[in-house]
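Asker: Can you read through this structure? Questions will come right after.
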Amino acid sequence: MSNHDEAAENRLRKELPEEVPAAGATEAVDAAPEEQPPQLTGRQRLAKGLWPPRVTRAQLIVALLLFGLGFGLAVQVASNSDGDSALRGARQEDLVRILDELDDRTQRLEDEKQGLEKQRDELENSSNQAEEARKQTVEKERQLGILAGTVAAQGPGITMTIDDTKGTVEADMLLDAIQELRAAGAEAIQVNGVRVVASTYLTDSGNSVGVDGNKINAPYRFKVIGKPQDLEPALNIPGGVVQTLEKEQATVTIERSDKIVVDALRAVKRPDYARSSSQ
(Lines give C-alpha, C1' and ligand atoms only; values in the text may rest on other atoms or scores of the structure.)
Protein backbone atom coordinates (compact mmCIF):
# COMPACT_ATOMS: atom_id res chain seq x y z
CA MET A 1 0.00 0.00 0.00
CA SER A 2 1.33 3.43 -0.89
CA ASN A 3 1.86 6.36 1.48
CA HIS A 4 -0.98 8.19 -0.17
CA ASP A 5 -3.45 5.40 0.54
CA GLU A 6 -2.41 5.14 4.24
CA ALA A 7 -2.92 8.86 4.75
CA ALA A 8 -6.39 8.70 3.25
CA GLU A 9 -7.39 5.78 5.50
CA ASN A 10 -6.15 7.55 8.64
CA ARG A 11 -8.08 10.69 7.68
CA LEU A 12 -11.24 8.68 7.13
CA ARG A 13 -10.96 6.99 10.58
CA LYS A 14 -10.63 10.32 12.32
CA GLU A 15 -13.73 11.62 10.63
CA LEU A 16 -15.92 8.59 11.48
CA PRO A 17 -17.46 8.35 15.08
CA GLU A 18 -16.40 5.65 17.45
CA GLU A 19 -18.34 2.38 17.35
CA VAL A 20 -21.14 2.20 19.89
CA PRO A 21 -22.13 -1.30 21.02
CA ALA A 22 -25.81 -2.30 20.54
CA ALA A 23 -28.11 -1.69 23.52
CA GLY A 24 -29.44 -5.20 23.55
CA ALA A 25 -26.00 -6.65 23.54
CA THR A 26 -24.90 -4.36 26.40
CA GLU A 27 -27.87 -5.40 28.58
CA ALA A 28 -27.25 -9.00 27.77
CA VAL A 29 -23.64 -8.64 28.86
CA ASP A 30 -24.34 -6.54 31.97
CA ALA A 31 -27.28 -8.61 33.30
CA ALA A 32 -26.01 -11.67 34.95
CA PRO A 33 -28.21 -14.69 34.33
CA GLU A 34 -30.53 -15.25 37.31
CA GLU A 35 -30.32 -18.56 39.08
CA GLN A 36 -33.31 -20.77 38.19
CA PRO A 37 -35.35 -22.14 41.18
CA PRO A 38 -35.01 -25.86 41.75
CA GLN A 39 -37.70 -28.00 40.21
CA LEU A 40 -40.16 -29.52 42.84
CA THR A 41 -41.41 -33.08 42.72
CA GLY A 42 -45.14 -33.86 42.61
CA ARG A 43 -45.22 -34.88 46.29
CA GLN A 44 -43.44 -31.66 47.33
CA ARG A 45 -45.91 -29.53 45.35
CA LEU A 46 -48.84 -31.39 47.01
CA ALA A 47 -47.41 -30.82 50.50
CA LYS A 48 -46.79 -27.15 49.74
CA GLY A 49 -50.40 -26.76 48.60
CA LEU A 50 -51.81 -28.39 51.73
CA TRP A 51 -49.68 -26.65 54.35
CA PRO A 52 -50.16 -24.17 55.83
CA PRO A 53 -53.92 -24.82 55.61
CA ARG A 54 -56.14 -22.02 54.34
CA VAL A 55 -59.33 -22.16 56.51
CA THR A 56 -62.22 -19.82 55.89
CA ARG A 57 -64.66 -18.62 58.56
CA ALA A 58 -67.47 -20.77 57.15
CA GLN A 59 -65.28 -23.89 57.15
CA LEU A 60 -64.29 -23.23 60.77
CA ILE A 61 -67.95 -22.91 61.85
CA VAL A 62 -68.90 -26.13 60.05
CA ALA A 63 -65.98 -27.94 61.68
CA LEU A 64 -67.06 -26.78 65.16
CA LEU A 65 -70.65 -27.88 64.53
CA LEU A 66 -69.53 -31.30 63.33
CA PHE A 67 -67.29 -31.66 66.38
CA GLY A 68 -70.18 -30.82 68.73
CA LEU A 69 -72.46 -33.28 66.96
CA GLY A 70 -69.87 -36.04 67.13
CA PHE A 71 -69.22 -35.39 70.81
CA GLY A 72 -72.95 -35.53 71.61
CA LEU A 73 -73.35 -38.81 69.75
CA ALA A 74 -70.35 -40.27 71.59
CA VAL A 75 -71.83 -39.29 74.97
CA GLN A 76 -75.21 -40.75 74.01
CA VAL A 77 -73.65 -44.04 72.89
CA ALA A 78 -71.61 -44.24 76.09
CA SER A 79 -74.72 -43.59 78.20
CA ASN A 80 -76.69 -46.26 76.37
CA SER A 81 -73.80 -48.68 76.74
CA ASP A 82 -73.73 -48.14 80.51
CA GLY A 83 -77.47 -48.80 80.75
CA ASP A 84 -77.24 -51.86 78.52
CA SER A 85 -74.33 -53.34 80.48
CA ALA A 86 -76.50 -53.71 83.60
CA LEU A 87 -79.14 -55.62 81.64
CA ARG A 88 -76.57 -57.62 79.70
CA GLY A 89 -75.37 -59.28 82.89
CA ALA A 90 -78.86 -59.99 84.23
CA ARG A 91 -80.30 -63.47 84.32
CA GLN A 92 -83.06 -64.51 81.97
CA GLU A 93 -85.66 -64.64 84.73
CA ASP A 94 -84.67 -61.12 85.81
CA LEU A 95 -85.13 -59.82 82.28
CA VAL A 96 -88.51 -61.51 82.07
CA ARG A 97 -89.52 -59.90 85.36
CA ILE A 98 -88.44 -56.45 84.11
CA LEU A 99 -90.48 -56.91 80.94
CA ASP A 100 -93.47 -58.02 82.99
CA GLU A 101 -93.17 -54.91 85.14
CA LEU A 102 -93.10 -52.68 82.07
CA ASP A 103 -96.16 -54.47 80.72
CA ASP A 104 -97.94 -53.99 84.06
CA ARG A 105 -97.18 -50.26 84.05
CA THR A 106 -98.51 -49.97 80.52
CA GLN A 107 -101.64 -51.86 81.54
CA ARG A 108 -102.19 -49.56 84.53
CA LEU A 109 -102.00 -46.52 82.31
CA GLU A 110 -104.42 -48.10 79.87
CA ASP A 111 -106.84 -48.93 82.72
CA GLU A 112 -106.65 -45.35 83.96
CA LYS A 113 -107.38 -44.09 80.46
CA GLN A 114 -110.40 -46.38 80.15
CA GLY A 115 -111.65 -45.25 83.57
CA LEU A 116 -111.53 -41.60 82.54
CA GLU A 117 -113.29 -42.38 79.28
CA LYS A 118 -115.98 -44.23 81.23
CA GLN A 119 -116.54 -41.22 83.49
CA ARG A 120 -116.85 -39.00 80.46
CA ASP A 121 -119.40 -41.33 78.86
CA GLU A 122 -121.42 -41.54 82.09
CA LEU A 123 -121.60 -37.76 82.29
CA GLU A 124 -122.65 -37.49 78.68
CA ASN A 125 -125.28 -40.26 78.80
CA SER A 126 -126.71 -39.94 82.30
CA SER A 127 -130.32 -38.78 82.47
CA ASN A 128 -129.50 -36.95 85.67
CA GLN A 129 -126.17 -35.36 84.91
CA ALA A 130 -126.17 -33.23 88.07
CA GLU A 131 -126.49 -36.28 90.35
CA GLU A 132 -123.88 -38.20 88.41
CA ALA A 133 -121.53 -35.25 88.57
CA ARG A 134 -122.04 -35.01 92.34
CA LYS A 135 -121.23 -38.73 92.80
CA GLN A 136 -118.08 -38.40 90.73
CA THR A 137 -117.09 -35.29 92.68
CA VAL A 138 -117.41 -37.12 96.00
CA GLU A 139 -115.40 -40.06 94.66
CA LYS A 140 -112.74 -37.76 93.27
CA GLU A 141 -112.53 -35.93 96.60
CA ARG A 142 -111.97 -39.24 98.38
CA GLN A 143 -109.25 -40.21 95.94
CA LEU A 144 -107.53 -36.86 96.25
CA GLY A 145 -107.75 -37.11 100.05
CA ILE A 146 -105.86 -40.42 99.89
CA LEU A 147 -103.19 -38.94 97.65
CA ALA A 148 -102.90 -35.83 99.82
CA GLY A 149 -102.72 -37.93 102.98
CA THR A 150 -105.68 -36.22 104.63
CA VAL A 151 -107.75 -39.42 104.94
CA ALA A 152 -106.85 -42.96 105.99
CA ALA A 153 -106.70 -45.72 103.40
CA GLN A 154 -106.69 -49.50 103.33
CA GLY A 155 -106.24 -52.15 100.67
CA PRO A 156 -103.87 -54.82 99.40
CA GLY A 157 -100.18 -54.08 99.37
CA ILE A 158 -96.86 -54.87 101.00
CA THR A 159 -94.89 -54.17 104.15
CA MET A 160 -91.16 -53.58 103.65
CA THR A 161 -88.83 -53.52 106.66
CA ILE A 162 -85.22 -52.29 106.41
CA ASP A 163 -82.92 -53.26 109.29
CA ASP A 164 -79.87 -50.99 109.36
CA THR A 165 -77.62 -52.28 112.15
CA LYS A 166 -74.51 -50.74 110.53
CA GLY A 167 -76.04 -47.29 110.21
CA THR A 168 -75.20 -47.12 106.50
CA VAL A 169 -78.67 -46.42 105.09
CA GLU A 170 -79.05 -42.79 104.06
CA ALA A 171 -81.96 -40.58 103.08
CA ASP A 172 -81.36 -40.85 99.35
CA MET A 173 -81.67 -44.66 99.51
CA LEU A 174 -85.06 -44.42 101.20
CA LEU A 175 -86.10 -41.79 98.67
CA ASP A 176 -85.15 -44.18 95.84
CA ALA A 177 -87.38 -46.82 97.45
CA ILE A 178 -90.32 -44.37 97.59
CA GLN A 179 -89.82 -43.36 93.95
CA GLU A 180 -89.65 -46.98 92.82
CA LEU A 181 -92.83 -47.81 94.73
CA ARG A 182 -94.64 -44.86 93.17
CA ALA A 183 -93.51 -45.92 89.70
CA ALA A 184 -94.84 -49.42 90.41
CA GLY A 185 -98.30 -48.07 91.24
CA ALA A 186 -98.23 -47.40 94.99
CA GLU A 187 -101.30 -45.36 95.98
CA ALA A 188 -100.56 -44.70 99.66
CA ILE A 189 -97.29 -44.93 101.62
CA GLN A 190 -96.26 -44.31 105.18
CA VAL A 191 -92.84 -44.76 106.76
CA ASN A 192 -92.54 -45.24 110.51
CA GLY A 193 -95.81 -43.42 111.12
CA VAL A 194 -95.18 -40.54 108.70
CA ARG A 195 -97.46 -40.23 105.67
CA VAL A 196 -95.64 -39.84 102.38
CA VAL A 197 -97.21 -37.36 99.94
CA ALA A 198 -96.17 -35.58 96.77
CA SER A 199 -94.30 -32.85 98.67
CA THR A 200 -92.45 -35.23 101.01
CA TYR A 201 -88.72 -34.63 101.42
CA LEU A 202 -86.06 -36.71 103.20
CA THR A 203 -82.88 -35.53 104.90
CA ASP A 204 -80.00 -37.15 106.75
CA SER A 205 -79.95 -36.47 110.48
CA GLY A 206 -76.95 -38.09 112.12
CA ASN A 207 -77.59 -41.82 112.32
CA SER A 208 -81.26 -41.36 111.49
CA VAL A 209 -83.36 -39.92 108.68
CA GLY A 210 -85.78 -37.01 108.64
CA VAL A 211 -89.08 -37.32 106.74
CA ASP A 212 -90.73 -33.92 106.30
CA GLY A 213 -88.87 -32.77 109.40
CA ASN A 214 -89.90 -35.83 111.47
CA LYS A 215 -86.93 -37.83 112.74
CA ILE A 216 -87.26 -41.61 112.25
CA ASN A 217 -84.86 -44.38 113.24
CA ALA A 218 -84.12 -47.85 111.94
CA PRO A 219 -85.67 -50.27 111.38
CA TYR A 220 -87.51 -48.41 108.64
CA ARG A 221 -90.97 -49.84 108.09
CA PHE A 222 -92.81 -49.05 104.85
CA LYS A 223 -96.55 -49.69 104.64
CA VAL A 224 -97.61 -49.50 101.02
CA ILE A 225 -101.02 -49.90 99.37
CA GLY A 226 -101.00 -51.09 95.78
CA LYS A 227 -100.90 -54.26 93.71
CA PRO A 228 -98.47 -56.60 95.51
CA GLN A 229 -97.64 -58.41 92.26
CA ASP A 230 -96.26 -55.11 90.93
CA LEU A 231 -94.72 -53.61 94.07
CA GLU A 232 -92.49 -56.48 95.19
CA PRO A 233 -90.88 -57.24 91.79
CA ALA A 234 -90.17 -53.53 91.29
CA LEU A 235 -88.06 -53.50 94.45
CA ASN A 236 -86.21 -56.70 93.53
CA ILE A 237 -85.12 -55.86 89.98
CA PRO A 238 -81.36 -56.28 89.31
CA GLY A 239 -79.51 -53.23 90.57
CA GLY A 240 -82.69 -51.98 92.24
CA VAL A 241 -83.62 -50.94 95.76
CA VAL A 242 -83.10 -54.27 97.54
CA GLN A 243 -79.70 -54.97 95.98
CA THR A 244 -78.51 -51.43 96.72
CA LEU A 245 -79.52 -51.70 100.38
CA GLU A 246 -77.96 -55.15 100.73
CA LYS A 247 -74.67 -53.77 99.39
CA GLU A 248 -74.78 -51.39 102.36
CA GLN A 249 -75.15 -54.44 104.65
CA ALA A 250 -78.78 -53.67 105.41
CA THR A 251 -81.39 -56.44 105.65
CA VAL A 252 -84.61 -56.06 103.65
CA THR A 253 -87.77 -58.14 104.16
CA ILE A 254 -90.93 -57.77 102.08
CA GLU A 255 -94.31 -59.24 102.99
CA ARG A 256 -97.43 -59.23 100.84
CA SER A 257 -100.82 -58.71 102.41
CA ASP A 258 -104.44 -58.49 101.31
CA LYS A 259 -105.06 -55.67 103.79
CA ILE A 260 -102.65 -52.88 104.54
CA VAL A 261 -103.84 -49.94 106.66
CA VAL A 262 -102.24 -46.56 106.08
CA ASP A 263 -103.66 -44.36 108.85
CA ALA A 264 -100.99 -41.67 109.32
CA LEU A 265 -102.63 -38.37 108.32
CA ARG A 266 -101.40 -35.01 107.12
CA ALA A 267 -103.04 -31.76 108.11
CA VAL A 268 -104.71 -29.84 105.32
CA LYS A 269 -102.55 -26.85 104.46
CA ARG A 270 -104.05 -23.93 102.62
CA PRO A 271 -101.69 -22.67 99.94
CA ASP A 272 -100.32 -19.20 100.50
CA TYR A 273 -100.36 -18.06 96.88
CA ALA A 274 -102.01 -20.64 94.62
CA ARG A 275 -105.71 -20.20 93.95
CA SER A 276 -108.15 -22.03 91.71
CA SER A 277 -108.26 -20.53 88.24
CA SER A 278 -112.08 -20.87 88.24
CA GLN A 279 -112.47 -18.33 91.08
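We label chains A, B, ... in the order they appear in the C-alpha coordinates, count residues from 1 in each chain, and number ligands from 1 in the order shown.
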From a DSSP calculation on the backbone, collect every residue of region 125-226 of chain A in alpha helix (DSSP H) and output the set as a PyMOL selection string.
Answerer: chain A and resi 125+129-148+171-183
Asker: Within 12 Å of Lys247 (chain A), counting only C-alpha atoms, which residues show up once you throw out same-chain ones fewer than 6 positions away? Write them as an MDAnalysis selection string, please.
Answerer: chainID A and resid 164 166 168:169 173 239:241
Asker: What would the file look like if the residues just selected were written as a CSV table (one decimal), in the first residue's frame with N, CA, C and O atoms?
Answerer:
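See again.csv below for the written result:
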```
chain,number,residue,atom,x,y,z
A,164,ASP,N,-81.1,-51.7,109.6
A,164,ASP,CA,-79.9,-51.0,109.4
A,164,ASP,C,-79.0,-51.0,110.6
A,164,ASP,O,-78.8,-50.0,111.3
A,166,LYS,N,-75.8,-51.4,110.8
A,166,LYS,CA,-74.5,-50.7,110.5
A,166,LYS,C,-74.6,-49.2,110.4
A,166,LYS,O,-73.6,-48.5,110.4
A,168,THR,N,-75.7,-47.5,107.8
A,168,THR,CA,-75.2,-47.1,106.5
A,168,THR,C,-76.3,-46.6,105.6
A,168,THR,O,-76.0,-46.1,104.5
A,169,VAL,N,-77.6,-46.8,106.0
A,169,VAL,CA,-78.7,-46.4,105.1
A,169,VAL,C,-78.9,-44.9,105.2
A,169,VAL,O,-79.0,-44.4,106.3
A,173,MET,N,-81.3,-43.3,99.8
A,173,MET,CA,-81.7,-44.7,99.5
A,173,MET,C,-83.2,-44.9,99.8
A,173,MET,O,-83.8,-45.6,99.0
A,239,GLY,N,-80.0,-54.6,90.4
A,239,GLY,CA,-79.5,-53.2,90.6
A,239,GLY,C,-80.5,-52.3,91.2
A,239,GLY,O,-80.3,-51.1,91.2
A,240,GLY,N,-81.6,-52.8,91.7
A,240,GLY,CA,-82.7,-52.0,92.2
A,240,GLY,C,-82.5,-51.7,93.7
A,240,GLY,O,-81.4,-51.8,94.3
A,241,VAL,N,-83.6,-51.4,94.4
A,241,VAL,CA,-83.6,-50.9,95.8
A,241,VAL,C,-83.0,-52.0,96.7
A,241,VAL,O,-82.2,-51.7,97.5
```
Asker: If we count only C-alpha atoms and set the cut-off at 10 Å, which residues sit around Thr253 (chain A), ignoring sequence neighbours fewer than 2 positions away in its own chain? Please answer as a PyMOL selection string.
Answerer: chain A and resi 159-163+221+242+251+255
Asker: Filtering to N, CA and C atoms, could you give me those residues as a PDB file, in the first residue's frame?
Answerer:
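Generated file (again.pdb):
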```
ATOM      1  N   THR A 159     -95.620 -54.798 103.037  1.00  0.00           N
ATOM      2  CA  THR A 159     -94.894 -54.173 104.146  1.00  0.00           C
ATOM      3  C   THR A 159     -93.413 -54.463 103.931  1.00  0.00           C
ATOM      4  N   MET A 160     -92.593 -53.413 103.831  1.00  0.00           N
ATOM      5  CA  MET A 160     -91.156 -53.578 103.652  1.00  0.00           C
ATOM      6  C   MET A 160     -90.441 -53.058 104.888  1.00  0.00           C
ATOM      7  N   THR A 161     -89.590 -53.893 105.468  1.00  0.00           N
ATOM      8  CA  THR A 161     -88.825 -53.520 106.656  1.00  0.00           C
ATOM      9  C   THR A 161     -87.349 -53.524 106.321  1.00  0.00           C
ATOM     10  N   ILE A 162     -86.653 -52.434 106.666  1.00  0.00           N
ATOM     11  CA  ILE A 162     -85.218 -52.291 106.407  1.00  0.00           C
ATOM     12  C   ILE A 162     -84.502 -52.214 107.744  1.00  0.00           C
ATOM     13  N   ASP A 163     -83.737 -53.250 108.071  1.00  0.00           N
ATOM     14  CA  ASP A 163     -82.918 -53.259 109.286  1.00  0.00           C
ATOM     15  C   ASP A 163     -81.537 -52.717 108.944  1.00  0.00           C
ATOM     16  N   ARG A 221     -89.838 -48.984 108.436  1.00  0.00           N
ATOM     17  CA  ARG A 221     -90.965 -49.842 108.093  1.00  0.00           C
ATOM     18  C   ARG A 221     -91.880 -49.096 107.117  1.00  0.00           C
ATOM     19  N   VAL A 242     -83.535 -53.226  96.603  1.00  0.00           N
ATOM     20  CA  VAL A 242     -83.103 -54.268  97.543  1.00  0.00           C
ATOM     21  C   VAL A 242     -81.608 -54.543  97.401  1.00  0.00           C
ATOM     22  N   THR A 251     -80.544 -55.269 105.888  1.00  0.00           N
ATOM     23  CA  THR A 251     -81.392 -56.436 105.651  1.00  0.00           C
ATOM     24  C   THR A 251     -82.788 -55.966 105.275  1.00  0.00           C
ATOM     25  N   GLU A 255     -93.176 -58.353 102.764  1.00  0.00           N
ATOM     26  CA  GLU A 255     -94.313 -59.243 102.987  1.00  0.00           C
ATOM     27  C   GLU A 255     -95.529 -58.710 102.238  1.00  0.00           C
TER      28      GLU A 255
END
```
Asker: Could you give me, as JSON, numbers by chain, each residue of region 41-239 of chain A that DSSP assigns to strand (DSSP E) when run on this structure's backbone?
Answerer: {"A": [153, 154, 155, 156, 157, 158, 159, 160, 161, 162, 163, 188, 189, 190, 191, 194, 195, 196, 202, 203, 204, 205, 208, 209, 210, 211, 214, 215, 216, 220, 221, 222, 223, 224, 225]}
Asker: Which residues are close to region 100-108 of chain A, i.e. within 7 Å by only C-alpha atoms, leaving aside same-chain residues fewer than 5 positions away? Reply as a list in words.
Answerer: Ala184, Asp230 and Ala234 of chain A
Asker: Which residues are close to Lys223 (chain A), i.e. within 8 Å by only C-alpha atoms, leaving aside same-chain residues fewer than 3 positions away? Reply as a VMD selection string.
Answerer: chain A and resid 157 to 160 189 to 191 260 to 262
Asker: Using only C-alpha atoms, which residues sit within 12 Å of region 139-147 of chain A once same-chain residues fewer than 5 positions away are excluded, as JSON, numbers by chain?
Answerer: {"A": [116, 119, 132, 133, 134, 152, 153, 154, 155, 182, 186, 187, 188, 189, 190, 195, 196, 197, 198, 199, 200, 225, 261, 262, 263, 264, 265, 266, 267, 268]}
